[in-house]
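Engineer: The file below is structure-v2.txt, compact mmCIF, C-alpha atoms (C1' of nucleotides):
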# COMPACT_ATOMS: atom_id res chain seq x y z
CA MET A 1 99.56 119.66 41.91
CA LYS A 2 101.14 118.07 38.92
CA ASP A 3 99.29 120.40 36.60
CA GLY A 4 100.96 123.41 38.18
CA THR A 5 97.85 125.07 39.52
CA ASP A 6 98.50 127.12 42.64
CA SER A 7 96.95 126.18 45.96
CA LYS A 8 94.48 129.05 46.20
CA THR A 9 93.08 128.18 42.79
CA MET A 10 92.81 124.54 43.75
CA GLU A 11 91.00 125.43 46.97
CA VAL A 12 88.49 127.66 45.26
CA PHE A 13 87.90 125.34 42.32
CA GLY A 14 87.74 122.37 44.64
CA PHE A 15 85.03 124.00 46.70
CA PHE A 16 82.91 124.96 43.71
CA ASN A 17 83.46 121.54 42.23
CA GLU A 18 82.07 119.77 45.29
CA VAL A 19 79.14 122.17 45.39
CA GLY A 20 78.45 121.53 41.71
CA ILE A 21 78.42 117.76 42.08
CA ILE A 22 76.23 117.82 45.19
CA ASN A 23 73.81 120.12 43.41
CA GLN A 24 73.65 117.88 40.38
CA LEU A 25 73.06 114.74 42.44
CA SER A 26 70.38 116.34 44.61
CA SER A 27 68.61 117.81 41.59
CA ALA A 28 68.61 114.40 39.95
CA ILE A 29 67.03 112.87 43.04
CA LEU A 30 64.43 115.61 43.21
CA ALA A 31 63.66 115.20 39.52
CA LYS A 32 62.86 111.53 40.00
CA CYS A 33 60.41 112.37 42.78
CA LEU A 34 58.40 114.82 40.68
CA PRO A 35 55.47 114.02 38.38
CA ASP A 36 56.17 113.71 34.69
CA GLY A 37 56.66 117.05 33.00
CA VAL A 38 57.51 118.88 36.24
CA HIS A 39 61.09 120.08 36.41
CA PRO A 40 63.02 120.77 39.64
CA SER A 41 62.96 124.45 38.74
CA HIS A 42 59.16 124.34 38.75
CA PHE A 43 59.19 122.83 42.20
CA SER A 44 61.59 125.54 43.35
CA ILE A 45 59.22 128.26 42.22
CA VAL A 46 56.22 126.75 44.01
CA ASN A 47 58.34 126.09 47.09
CA HIS A 48 59.53 129.67 47.09
CA LEU A 49 55.97 130.99 46.85
CA VAL A 50 54.84 128.83 49.77
CA ARG A 51 57.76 129.83 51.95
CA MET A 52 58.01 133.50 51.05
CA GLY A 53 54.36 134.19 50.32
CA ASP A 54 52.64 134.49 46.97
CA GLY A 55 51.15 137.51 45.19
CA LYS A 56 54.58 138.34 43.78
CA ALA A 57 55.56 139.77 40.38
CA PRO A 58 57.31 137.41 37.96
CA VAL A 59 60.37 139.62 37.89
CA ARG A 60 60.73 139.27 41.66
CA ILE A 61 60.49 135.50 41.45
CA ALA A 62 63.03 135.48 38.62
CA ALA A 63 65.47 137.44 40.77
CA ALA A 64 64.96 135.11 43.72
CA MET A 65 65.41 132.02 41.54
CA GLN A 66 68.45 133.50 39.78
CA VAL A 67 67.02 133.05 36.31
CA THR A 68 66.20 135.52 33.56
CA LYS A 69 62.76 137.02 33.02
CA ASN A 70 62.19 135.07 29.84
CA THR A 71 62.93 131.80 31.60
CA MET A 72 60.43 132.77 34.27
CA THR A 73 57.80 133.59 31.65
CA HIS A 74 58.22 130.10 30.31
CA SER A 75 58.21 128.36 33.69
CA LEU A 76 55.13 130.25 34.86
CA LYS A 77 53.30 129.20 31.71
CA VAL A 78 54.03 125.57 32.55
CA LEU A 79 52.89 125.99 36.16
CA GLU A 80 49.75 127.79 35.06
CA ASP A 81 48.92 125.04 32.57
CA LYS A 82 49.30 122.50 35.36
CA GLY A 83 46.95 124.54 37.54
CA PHE A 84 49.53 125.15 40.27
CA ILE A 85 49.44 128.95 40.04
CA THR A 86 47.35 131.81 38.68
CA VAL A 87 48.84 134.82 36.93
CA GLU A 88 46.78 138.03 37.00
CA PRO A 89 47.50 141.61 35.97
CA ASP A 90 48.73 143.78 38.82
CA PRO A 91 45.96 146.35 39.49
CA ALA A 92 48.57 148.73 40.92
CA ASP A 93 51.02 148.57 37.98
CA GLY A 94 49.84 148.25 34.40
CA ARG A 95 53.10 146.59 33.36
CA GLY A 96 53.17 143.99 36.05
CA LYS A 97 51.48 140.71 36.91
CA LEU A 98 50.89 138.90 40.16
CA VAL A 99 51.49 135.20 40.70
CA ARG A 100 49.35 133.33 43.21
CA LEU A 101 49.35 129.73 44.36
CA THR A 102 46.33 127.50 43.93
CA ASP A 103 45.31 124.72 46.29
CA ALA A 104 46.59 122.27 43.70
CA GLY A 105 49.95 124.04 43.79
CA ARG A 106 50.21 123.74 47.56
CA THR A 107 49.17 120.11 47.43
CA PHE A 108 51.74 119.42 44.73
CA ARG A 109 54.48 120.85 46.94
CA GLU A 110 53.43 118.82 49.97
CA THR A 111 53.36 115.63 47.97
CA ALA A 112 56.72 116.31 46.35
CA ILE A 113 58.37 117.04 49.70
CA GLN A 114 56.98 113.86 51.20
CA SER A 115 58.20 111.90 48.23
CA VAL A 116 61.71 113.34 48.40
CA MET A 117 61.99 112.90 52.14
CA ALA A 118 60.84 109.31 51.84
CA ARG A 119 63.66 108.80 49.37
CA PHE A 120 66.11 110.45 51.74
CA GLU A 121 64.94 108.42 54.74
CA ASP A 122 66.95 105.42 53.56
CA MET A 123 69.82 107.56 52.48
CA ILE A 124 70.62 110.37 54.88
CA GLU A 125 72.02 109.06 58.12
CA PRO A 126 72.55 111.05 61.31
CA ALA A 127 76.19 111.60 60.40
CA HIS A 128 75.12 113.31 57.19
CA ARG A 129 72.54 115.47 58.91
CA ASP A 130 75.25 116.54 61.32
CA ALA A 131 77.55 117.40 58.43
CA MET A 132 74.81 119.49 56.85
CA LYS A 133 74.22 121.33 60.11
CA ARG A 134 77.93 121.98 60.52
CA VAL A 135 78.39 123.57 57.11
CA MET A 136 75.17 125.59 56.94
CA SER A 137 76.42 128.81 58.51
CA ASP A 138 79.50 128.91 56.30
CA LEU A 139 77.47 128.13 53.21
CA ILE A 140 75.07 130.94 54.04
CA LEU A 141 78.01 133.28 54.54
CA LEU A 142 79.46 132.36 51.15
CA ARG A 143 76.12 132.46 49.38
CA LYS A 144 75.31 135.91 50.71
CA HIS A 145 78.71 137.23 49.74
CA LEU A 146 78.53 135.82 46.22
CA ASP A 147 74.99 137.09 45.85
CA GLU A 148 75.89 140.60 46.90
CA ASN A 149 79.00 140.81 44.70
CA ARG A 150 77.86 139.21 41.49
CA MET B 16 57.86 126.79 60.48
CA LYS B 17 54.64 128.50 59.61
CA ASP B 18 54.21 126.25 56.59
CA GLY B 19 54.16 123.19 58.82
CA THR B 20 57.28 121.56 57.40
CA ASP B 21 59.15 119.50 59.98
CA SER B 22 62.64 120.41 61.08
CA LYS B 23 64.48 117.55 59.37
CA THR B 24 62.90 118.45 56.05
CA MET B 25 63.80 122.10 56.53
CA GLU B 26 67.40 121.18 57.36
CA VAL B 27 67.83 118.97 54.32
CA PHE B 28 66.07 121.32 51.92
CA GLY B 29 67.90 124.27 53.41
CA PHE B 30 71.24 122.63 52.77
CA PHE B 31 70.45 121.70 49.18
CA ASN B 32 68.99 125.15 48.63
CA GLU B 33 72.20 126.89 49.69
CA VAL B 34 74.24 124.50 47.57
CA GLY B 35 72.00 125.17 44.58
CA ILE B 36 72.30 128.95 44.85
CA ILE B 37 76.07 128.86 45.31
CA ASN B 38 76.39 126.59 42.31
CA GLN B 39 74.24 128.86 40.18
CA LEU B 40 76.18 131.98 41.15
CA SER B 41 79.58 130.37 40.63
CA SER B 42 78.53 128.93 37.27
CA ALA B 43 77.33 132.35 36.18
CA ILE B 44 80.69 133.87 37.12
CA LEU B 45 82.56 131.14 35.29
CA ALA B 46 80.34 131.56 32.22
CA LYS B 47 81.26 135.23 32.01
CA CYS B 48 84.97 134.38 32.05
CA LEU B 49 84.74 131.95 29.12
CA PRO B 50 85.01 132.77 25.42
CA ASP B 51 81.80 133.11 23.44
CA GLY B 52 80.21 129.77 22.67
CA VAL B 53 82.02 127.93 25.45
CA HIS B 54 79.74 126.70 28.21
CA PRO B 55 80.83 125.99 31.79
CA SER B 56 80.17 122.31 31.13
CA HIS B 57 82.74 122.43 28.31
CA PHE B 58 85.28 123.92 30.66
CA SER B 59 84.52 121.20 33.19
CA ILE B 60 85.26 118.50 30.66
CA VAL B 61 88.61 120.00 29.66
CA ASN B 62 89.47 120.65 33.29
CA HIS B 63 88.65 117.06 34.15
CA LEU B 64 90.86 115.75 31.36
CA VAL B 65 93.78 117.89 32.50
CA ARG B 66 93.44 116.87 36.13
CA MET B 67 92.58 113.21 35.67
CA GLY B 68 94.48 112.55 32.48
CA ASP B 69 93.15 112.26 28.94
CA GLY B 70 92.83 109.29 26.63
CA LYS B 71 89.48 108.43 28.22
CA ALA B 72 86.32 107.03 26.66
CA PRO B 73 83.34 109.41 26.34
CA VAL B 74 81.23 107.18 28.55
CA ARG B 75 83.79 107.53 31.35
CA ILE B 76 83.80 111.28 31.04
CA ALA B 77 80.01 111.29 31.02
CA ALA B 78 79.95 109.33 34.27
CA ALA B 79 82.49 111.65 35.89
CA MET B 80 80.57 114.75 34.76
CA GLN B 81 77.22 113.27 35.83
CA VAL B 82 75.63 113.73 32.43
CA THR B 83 74.15 111.27 29.96
CA LYS B 84 76.06 109.78 27.05
CA ASN B 85 74.07 111.74 24.50
CA THR B 86 74.90 115.00 26.24
CA MET B 87 78.56 114.03 26.19
CA THR B 88 78.39 113.23 22.48
CA HIS B 89 77.11 116.73 21.90
CA SER B 90 79.62 118.45 24.17
CA LEU B 91 82.56 116.58 22.68
CA LYS B 92 81.45 117.64 19.22
CA VAL B 93 81.61 121.25 20.34
CA LEU B 94 85.03 120.83 21.92
CA GLU B 95 86.34 119.04 18.84
CA ASP B 96 85.05 121.82 16.58
CA LYS B 97 86.88 124.32 18.75
CA GLY B 98 90.06 122.27 18.47
CA PHE B 99 90.35 121.64 22.21
CA ILE B 100 90.23 117.86 21.96
CA THR B 101 90.61 115.01 19.47
CA VAL B 102 88.28 112.02 19.37
CA GLU B 103 89.69 108.83 17.87
CA PRO B 104 88.41 105.25 17.72
CA ASP B 105 89.72 103.07 20.51
CA PRO B 106 92.05 100.48 18.90
CA ALA B 107 91.35 98.11 21.77
CA ASP B 108 87.55 98.29 21.62
CA GLY B 109 85.65 98.61 18.39
CA ARG B 110 82.70 100.28 20.12
CA GLY B 111 84.67 102.89 21.98
CA LYS B 112 86.46 106.13 21.29
CA LEU B 113 89.28 107.92 23.05
CA VAL B 114 89.29 111.60 23.89
CA ARG B 115 92.60 113.46 24.00
CA LEU B 116 93.48 117.05 24.80
CA THR B 117 95.20 119.28 22.29
CA ASP B 118 97.64 122.04 23.14
CA ALA B 119 94.87 124.52 22.37
CA GLY B 120 92.66 122.73 24.90
CA ARG B 121 95.30 123.01 27.63
CA THR B 122 95.91 126.65 26.81
CA PHE B 123 92.19 127.34 26.89
CA ARG B 124 91.97 125.87 30.39
CA GLU B 125 94.94 127.88 31.67
CA THR B 126 93.52 131.11 30.31
CA ALA B 127 90.06 130.42 31.70
CA ILE B 128 91.42 129.66 35.15
CA GLN B 129 93.48 132.81 35.18
CA SER B 130 90.46 134.82 34.09
CA VAL B 131 88.23 133.35 36.78
CA MET B 132 90.82 133.77 39.51
CA ALA B 133 91.39 137.37 38.49
CA ARG B 134 87.66 137.88 38.91
CA PHE B 135 87.76 136.21 42.32
CA GLU B 136 90.75 138.22 43.49
CA ASP B 137 88.56 141.22 44.23
CA MET B 138 85.81 139.06 45.58
CA ILE B 139 87.03 136.25 47.78
CA GLU B 140 88.48 137.52 51.01
CA PRO B 141 90.49 135.50 53.54
CA ALA B 142 87.35 134.94 55.60
CA HIS B 143 85.70 133.25 52.64
CA ARG B 144 88.70 131.09 51.89
CA ASP B 145 88.64 130.00 55.51
CA ALA B 146 84.97 129.15 55.24
CA MET B 147 85.66 127.08 52.12
CA LYS B 148 88.44 125.21 53.88
CA ARG B 149 86.24 124.55 56.89
CA VAL B 150 83.41 122.99 54.89
CA MET B 151 85.45 120.99 52.39
CA SER B 152 85.76 117.75 54.35
CA ASP B 153 82.03 117.65 55.12
CA LEU B 154 81.13 118.47 51.53
CA ILE B 155 83.35 115.66 50.30
CA LEU B 156 81.73 113.30 52.79
CA LEU B 157 78.25 114.25 51.60
CA ARG B 158 79.20 114.19 47.93
CA LYS B 159 80.69 110.73 48.19
CA HIS B 160 77.68 109.40 50.04
CA LEU B 161 75.21 110.85 47.55
CA ASP B 162 77.32 109.60 44.68
CA GLU B 163 77.46 106.06 46.02
CA ASN B 164 73.76 105.87 46.82
CA ARG B 165 72.15 107.48 43.82
C1' DC C 7 53.79 168.83 30.99
C1' DT C 8 56.71 166.58 27.89
C1' DA C 9 60.69 163.86 26.54
C1' DT C 10 63.76 160.57 28.05
C1' DA C 11 65.03 156.72 30.74
C1' DT C 12 63.70 152.71 33.25
C1' DT C 13 61.02 148.63 34.21
C1' DA C 14 57.81 144.40 33.27
C1' DG C 15 56.84 141.04 30.43
C1' DT C 16 57.13 138.68 25.90
C1' DT C 17 59.08 136.79 21.59
C1' DC C 18 62.84 134.80 18.87
C1' DG C 19 66.72 132.03 17.84
C1' DA C 20 70.29 129.32 19.80
C1' DT C 21 72.34 125.87 22.99
C1' DA C 22 72.52 122.28 26.83
C1' DT C 23 70.36 118.54 28.54
C1' DC C 24 67.41 114.63 28.90
C1' DG C 25 64.92 110.01 27.88
C1' DA C 26 64.05 106.64 24.56
C1' DA C 27 65.15 104.07 20.69
C1' DC C 28 68.76 102.42 17.69
C1' DA C 29 73.14 100.22 15.42
C1' DT C 30 77.46 98.25 16.40
C1' DT C 31 80.63 95.63 18.99
C1' DA C 32 81.97 92.70 23.24
C1' DT C 33 81.27 89.26 26.46
C1' DG C 34 79.72 85.03 28.74
C1' DG C 35 77.14 80.90 29.22
C1' DA C 36 74.91 76.69 26.88
C1' DT D 16 80.93 77.88 18.66
C1' DC D 17 76.76 80.55 18.98
C1' DC D 18 73.26 83.13 20.83
C1' DA D 19 71.61 86.15 24.56
C1' DT D 20 73.05 89.97 27.14
C1' DA D 21 75.49 94.07 27.96
C1' DA D 22 78.09 98.14 26.70
C1' DT D 23 79.40 102.22 23.50
C1' DG D 24 78.18 105.80 20.93
C1' DT D 25 74.60 108.15 18.05
C1' DT D 26 70.08 110.05 16.57
C1' DC D 27 65.56 112.04 17.52
C1' DG D 28 62.21 114.78 19.76
C1' DA D 29 61.27 117.50 23.77
C1' DT D 30 62.23 120.91 27.45
C1' DA D 31 64.95 124.48 30.18
C1' DT D 32 67.68 128.23 29.75
C1' DC D 33 69.97 132.15 27.87
C1' DG D 34 70.91 136.77 25.38
C1' DA D 35 69.05 140.20 22.52
C1' DA D 36 65.47 142.73 20.70
C1' DC D 37 60.81 144.23 21.25
C1' DT D 38 56.24 146.39 23.28
C1' DA D 39 53.85 148.59 26.77
C1' DA D 40 53.69 151.17 30.92
C1' DT D 41 55.84 153.85 34.58
C1' DA D 42 59.06 157.14 36.53
C1' DT D 43 62.05 161.05 36.29
C1' DA D 44 64.39 165.24 34.62
C1' DG D 45 63.95 169.77 32.64
Would you mind writing the file's structure down as structure tokens?

Structural biologist:
Amino acid sequence: MKDGTDSKTMEVFGFFNEVGIINQLSSAILAKCLPDGVHPSHFSIVNHLVRMGDGKAPVRIAAAMQVTKNTMTHSLKVLEDKGFITVEPDPADGRGKLVRLTDAGRTFRETAIQSVMARFEDMIEPAHRDAMKRVMSDLILLRKHLDENR
Amino acid sequence: MKDGTDSKTMEVFGFFNEVGIINQLSSAILAKCLPDGVHPSHFSIVNHLVRMGDGKAPVRIAAAMQVTKNTMTHSLKVLEDKGFITVEPDPADGRGKLVRLTDAGRTFRETAIQSVMARFEDMIEPAHRDAMKRVMSDLILLRKHLDENR
DNA sequence: CTATATTAGTTCGATATCGAACATTATGGA
DNA sequence: TCCATAATGTTCGATATCGAACTAATATAG
């Protein structure tokens, strides 16, 4: 108001501001539930491979995770060193590689999820679950639109 | 479902997943609207000082931005080098410093906001503004709760 | 079939961020 | 008053991420 910003701008910035803070807080919580040396982004990659299926090319995972290829190269190296994934050449494309989960990777994900949910047990009350449910469809709408028009 | 995760976990992770993607996409858009060498986090600091008033201690800004003190030290150095802020010792507390905006800092914020909103003009339709308005109160509820219980 | 353009992955240098340890200054209780 | 405790800001080393340039392999146009 007093800074002269118009109402549309304040609405849009206000929305993205709330989203940014919630993301930061939830990432911080997740980070504390992960083993030392495992970053939330590493968890996201493993989680994605469990949910969407493994045997994917790094460039596909990078696109899904919204990071650059070089970042993915680095993250996959970390996950491979930890034994959570394997990275093999793609027999069908000499340029490509295929990423596959190991049992240790799947176990890591299960453990991490249990740890996070245990943390949330004391924290997320029914009212908050209801709020999450209420906003989901709109968030998906906005996410899809931003994703398609970036 | 097929991965055996229970429905509460899927709800909670689904919510934070959408929030994370939206945050990433909006940050990427903001980043492209900023001058070279200015990070979205730098914009956030200046924006915060305009909205909440300047003359604050770095540790206060760090708390508001949800980053550590050392990160704030670094970011303030960047902003000072760019001439967007001044950092002076706090006369009332020998340990502290006070951060103040310069005219260049305020101008930078105005320009950045105009640039981002111009980008959003072609992108955010009335339906999306409505969606943002609908979710705001629930997002604020969740943000406050997470913030208080971290 | 060959030359060009595109794609996958990597490497390099730079920046943002973090945790831990540190020096300096305030504050509060004996 | 004086010492223990806390708070502010900084420094250091490590990691995540990015953009740009590079190599190798594939795809496409002529």

Engineer: Excluding Cys33 (chain A) and any residue of its chain fewer than 2 positions from it, enumerate the residues within 10 Å of it, using only C-alpha atoms (C1' of nucleotides), and give them as a list in words.

Structural biologist: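 Everything that qualifies: Ser27, Ala28, Ile29, Leu30, Ala31, Pro35, Asp36, Val38, Pro40, Thr111, Ala112, Ile113, Gln114, Ser115, Val116, Met117, Ala118 and Arg119 of chain A.
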
Engineer: Report, in Å with one decimal, the straight-line distance from CA of Lys144 (chain A) to CA of Val12 (chain A).

Structural biologist: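 Atom-to-atom, CA of Lys144 (chain A) to CA of Val12 (chain A), that is 16.5 Å.
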
Engineer: Rotate and translate chain B onto chain A via least squares on all in-order Cα pairs, then write the result as a CSV table (one decimal) with C-alpha atoms, in the coordinates of the input.

Structural biologist:
chain,number,residue,atom,x,y,z
B,16,MET,CA,99.7,119.8,41.9
B,17,LYS,CA,101.2,118.1,39.0
B,18,ASP,CA,99.3,120.4,36.6
B,19,GLY,CA,101.0,123.5,38.1
B,20,THR,CA,97.8,125.1,39.5
B,21,ASP,CA,98.5,127.1,42.6
B,22,SER,CA,96.9,126.2,45.9
B,23,LYS,CA,94.4,129.1,46.2
B,24,THR,CA,93.0,128.2,42.8
B,25,MET,CA,92.8,124.5,43.7
B,26,GLU,CA,91.0,125.4,46.9
B,27,VAL,CA,88.4,127.7,45.2
B,28,PHE,CA,87.8,125.3,42.3
B,29,GLY,CA,87.7,122.4,44.6
B,30,PHE,CA,85.0,124.0,46.7
B,31,PHE,CA,82.9,125.0,43.7
B,32,ASN,CA,83.4,121.5,42.2
B,33,GLU,CA,82.1,119.8,45.3
B,34,VAL,CA,79.1,122.2,45.4
B,35,GLY,CA,78.4,121.5,41.7
B,36,ILE,CA,78.4,117.7,42.1
B,37,ILE,CA,76.2,117.8,45.2
B,38,ASN,CA,73.8,120.1,43.4
B,39,GLN,CA,73.6,117.9,40.4
B,40,LEU,CA,73.0,114.7,42.4
B,41,SER,CA,70.4,116.3,44.6
B,42,SER,CA,68.6,117.8,41.6
B,43,ALA,CA,68.6,114.4,39.9
B,44,ILE,CA,67.0,112.9,43.0
B,45,LEU,CA,64.4,115.6,43.2
B,46,ALA,CA,63.6,115.2,39.5
B,47,LYS,CA,62.8,111.5,40.0
B,48,CYS,CA,60.4,112.4,42.8
B,49,LEU,CA,58.4,114.8,40.7
B,50,PRO,CA,55.5,114.0,38.4
B,51,ASP,CA,56.2,113.7,34.7
B,52,GLY,CA,56.7,117.1,33.0
B,53,VAL,CA,57.5,118.9,36.2
B,54,HIS,CA,61.1,120.1,36.4
B,55,PRO,CA,63.0,120.8,39.6
B,56,SER,CA,63.0,124.5,38.7
B,57,HIS,CA,59.2,124.4,38.7
B,58,PHE,CA,59.2,122.8,42.2
B,59,SER,CA,61.6,125.5,43.3
B,60,ILE,CA,59.2,128.3,42.2
B,61,VAL,CA,56.2,126.8,44.0
B,62,ASN,CA,58.3,126.1,47.1
B,63,HIS,CA,59.5,129.7,47.1
B,64,LEU,CA,56.0,131.0,46.9
B,65,VAL,CA,54.8,128.8,49.8
B,66,ARG,CA,57.8,129.8,52.0
B,67,MET,CA,58.0,133.5,51.0
B,68,GLY,CA,54.4,134.2,50.3
B,69,ASP,CA,52.7,134.5,46.9
B,70,GLY,CA,51.2,137.5,45.2
B,71,LYS,CA,54.6,138.3,43.8
B,72,ALA,CA,55.6,139.8,40.4
B,73,PRO,CA,57.3,137.4,38.0
B,74,VAL,CA,60.4,139.6,37.9
B,75,ARG,CA,60.8,139.2,41.7
B,76,ILE,CA,60.5,135.5,41.5
B,77,ALA,CA,63.0,135.5,38.6
B,78,ALA,CA,65.5,137.4,40.8
B,79,ALA,CA,65.0,135.1,43.7
B,80,MET,CA,65.4,132.0,41.5
B,81,GLN,CA,68.5,133.5,39.8
B,82,VAL,CA,67.0,133.1,36.3
B,83,THR,CA,66.2,135.5,33.6
B,84,LYS,CA,62.8,137.0,33.1
B,85,ASN,CA,62.2,135.1,29.8
B,86,THR,CA,62.9,131.8,31.6
B,87,MET,CA,60.4,132.8,34.3
B,88,THR,CA,57.8,133.6,31.7
B,89,HIS,CA,58.2,130.1,30.3
B,90,SER,CA,58.2,128.4,33.7
B,91,LEU,CA,55.1,130.3,34.9
B,92,LYS,CA,53.3,129.2,31.7
B,93,VAL,CA,54.0,125.6,32.5
B,94,LEU,CA,52.9,126.0,36.1
B,95,GLU,CA,49.7,127.8,35.1
B,96,ASP,CA,48.9,125.1,32.6
B,97,LYS,CA,49.3,122.5,35.4
B,98,GLY,CA,47.0,124.6,37.5
B,99,PHE,CA,49.5,125.2,40.3
B,100,ILE,CA,49.4,128.9,40.0
B,101,THR,CA,47.4,131.8,38.7
B,102,VAL,CA,48.9,134.8,36.9
B,103,GLU,CA,46.8,138.0,37.0
B,104,PRO,CA,47.6,141.6,36.0
B,105,ASP,CA,48.8,143.8,38.8
B,106,PRO,CA,46.0,146.3,39.5
B,107,ALA,CA,48.6,148.7,40.9
B,108,ASP,CA,51.1,148.5,38.0
B,109,GLY,CA,49.9,148.2,34.4
B,110,ARG,CA,53.2,146.6,33.4
B,111,GLY,CA,53.2,143.9,36.1
B,112,LYS,CA,51.5,140.7,36.9
B,113,LEU,CA,50.9,138.9,40.2
B,114,VAL,CA,51.5,135.2,40.7
B,115,ARG,CA,49.4,133.3,43.2
B,116,LEU,CA,49.4,129.7,44.4
B,117,THR,CA,46.3,127.5,43.9
B,118,ASP,CA,45.3,124.7,46.3
B,119,ALA,CA,46.6,122.3,43.7
B,120,GLY,CA,50.0,124.0,43.8
B,121,ARG,CA,50.2,123.7,47.6
B,122,THR,CA,49.2,120.1,47.4
B,123,PHE,CA,51.7,119.4,44.7
B,124,ARG,CA,54.5,120.9,46.9
B,125,GLU,CA,53.4,118.8,50.0
B,126,THR,CA,53.4,115.6,48.0
B,127,ALA,CA,56.7,116.3,46.4
B,128,ILE,CA,58.4,117.0,49.7
B,129,GLN,CA,57.0,113.9,51.2
B,130,SER,CA,58.2,111.9,48.2
B,131,VAL,CA,61.7,113.3,48.4
B,132,MET,CA,62.0,112.9,52.2
B,133,ALA,CA,60.8,109.3,51.9
B,134,ARG,CA,63.6,108.8,49.4
B,135,PHE,CA,66.1,110.4,51.8
B,136,GLU,CA,64.9,108.4,54.7
B,137,ASP,CA,67.0,105.4,53.6
B,138,MET,CA,69.8,107.6,52.5
B,139,ILE,CA,70.6,110.4,54.9
B,140,GLU,CA,72.0,109.1,58.1
B,141,PRO,CA,72.6,111.0,61.3
B,142,ALA,CA,76.2,111.6,60.4
B,143,HIS,CA,75.1,113.3,57.2
B,144,ARG,CA,72.6,115.5,58.9
B,145,ASP,CA,75.3,116.5,61.3
B,146,ALA,CA,77.6,117.4,58.4
B,147,MET,CA,74.8,119.5,56.9
B,148,LYS,CA,74.2,121.3,60.1
B,149,ARG,CA,77.9,122.0,60.5
B,150,VAL,CA,78.4,123.6,57.1
B,151,MET,CA,75.2,125.6,57.0
B,152,SER,CA,76.4,128.8,58.5
B,153,ASP,CA,79.5,128.9,56.3
B,154,LEU,CA,77.4,128.1,53.2
B,155,ILE,CA,75.0,130.9,54.0
B,156,LEU,CA,78.0,133.3,54.5
B,157,LEU,CA,79.4,132.4,51.2
B,158,ARG,CA,76.1,132.4,49.4
B,159,LYS,CA,75.3,135.9,50.7
B,160,HIS,CA,78.7,137.2,49.7
B,161,LEU,CA,78.5,135.8,46.2
B,162,ASP,CA,75.0,137.1,45.8
B,163,GLU,CA,75.9,140.6,46.9
B,164,ASN,CA,79.0,140.8,44.7
B,165,ARG,CA,77.8,139.2,41.5

Engineer: Using only C-alpha atoms, which of A:Thr73, A:Ser41, A:Asn149, A:Thr68 sits nearest chain B?

Structural biologist: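 For chain B, the nearest of the candidates is A:Asn149.
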
Engineer: For the interface of chain D with chain B (cut-off 12 Å, counting all atoms listed in the file), please tabulate each contacting residue of chain D alongside its nearest pair of atoms and their separation in Å to one decimal, rows sorted by chain and increasing number, as a Markdown table.

Structural biologist:
| residue | atom | partner | partner_atom | distance |
| --- | --- | --- | --- | --- |
| D:DA22 | C1' | B:Arg110 | CA | 8.3 |
| D:DT23 | C1' | B:Arg110 | CA | 5.1 |
| D:DG24 | C1' | B:Arg110 | CA | 7.2 |
| D:DT25 | C1' | B:Asn85 | CA | 7.4 |
| D:DT26 | C1' | B:Asn85 | CA | 9.0 |
| D:DC27 | C1' | B:Asn85 | CA | 11.0 |
| D:DC33 | C1' | B:Ala43 | CA | 11.1 |
| D:DG34 | C1' | B:Asp51 | CA | 11.7 |
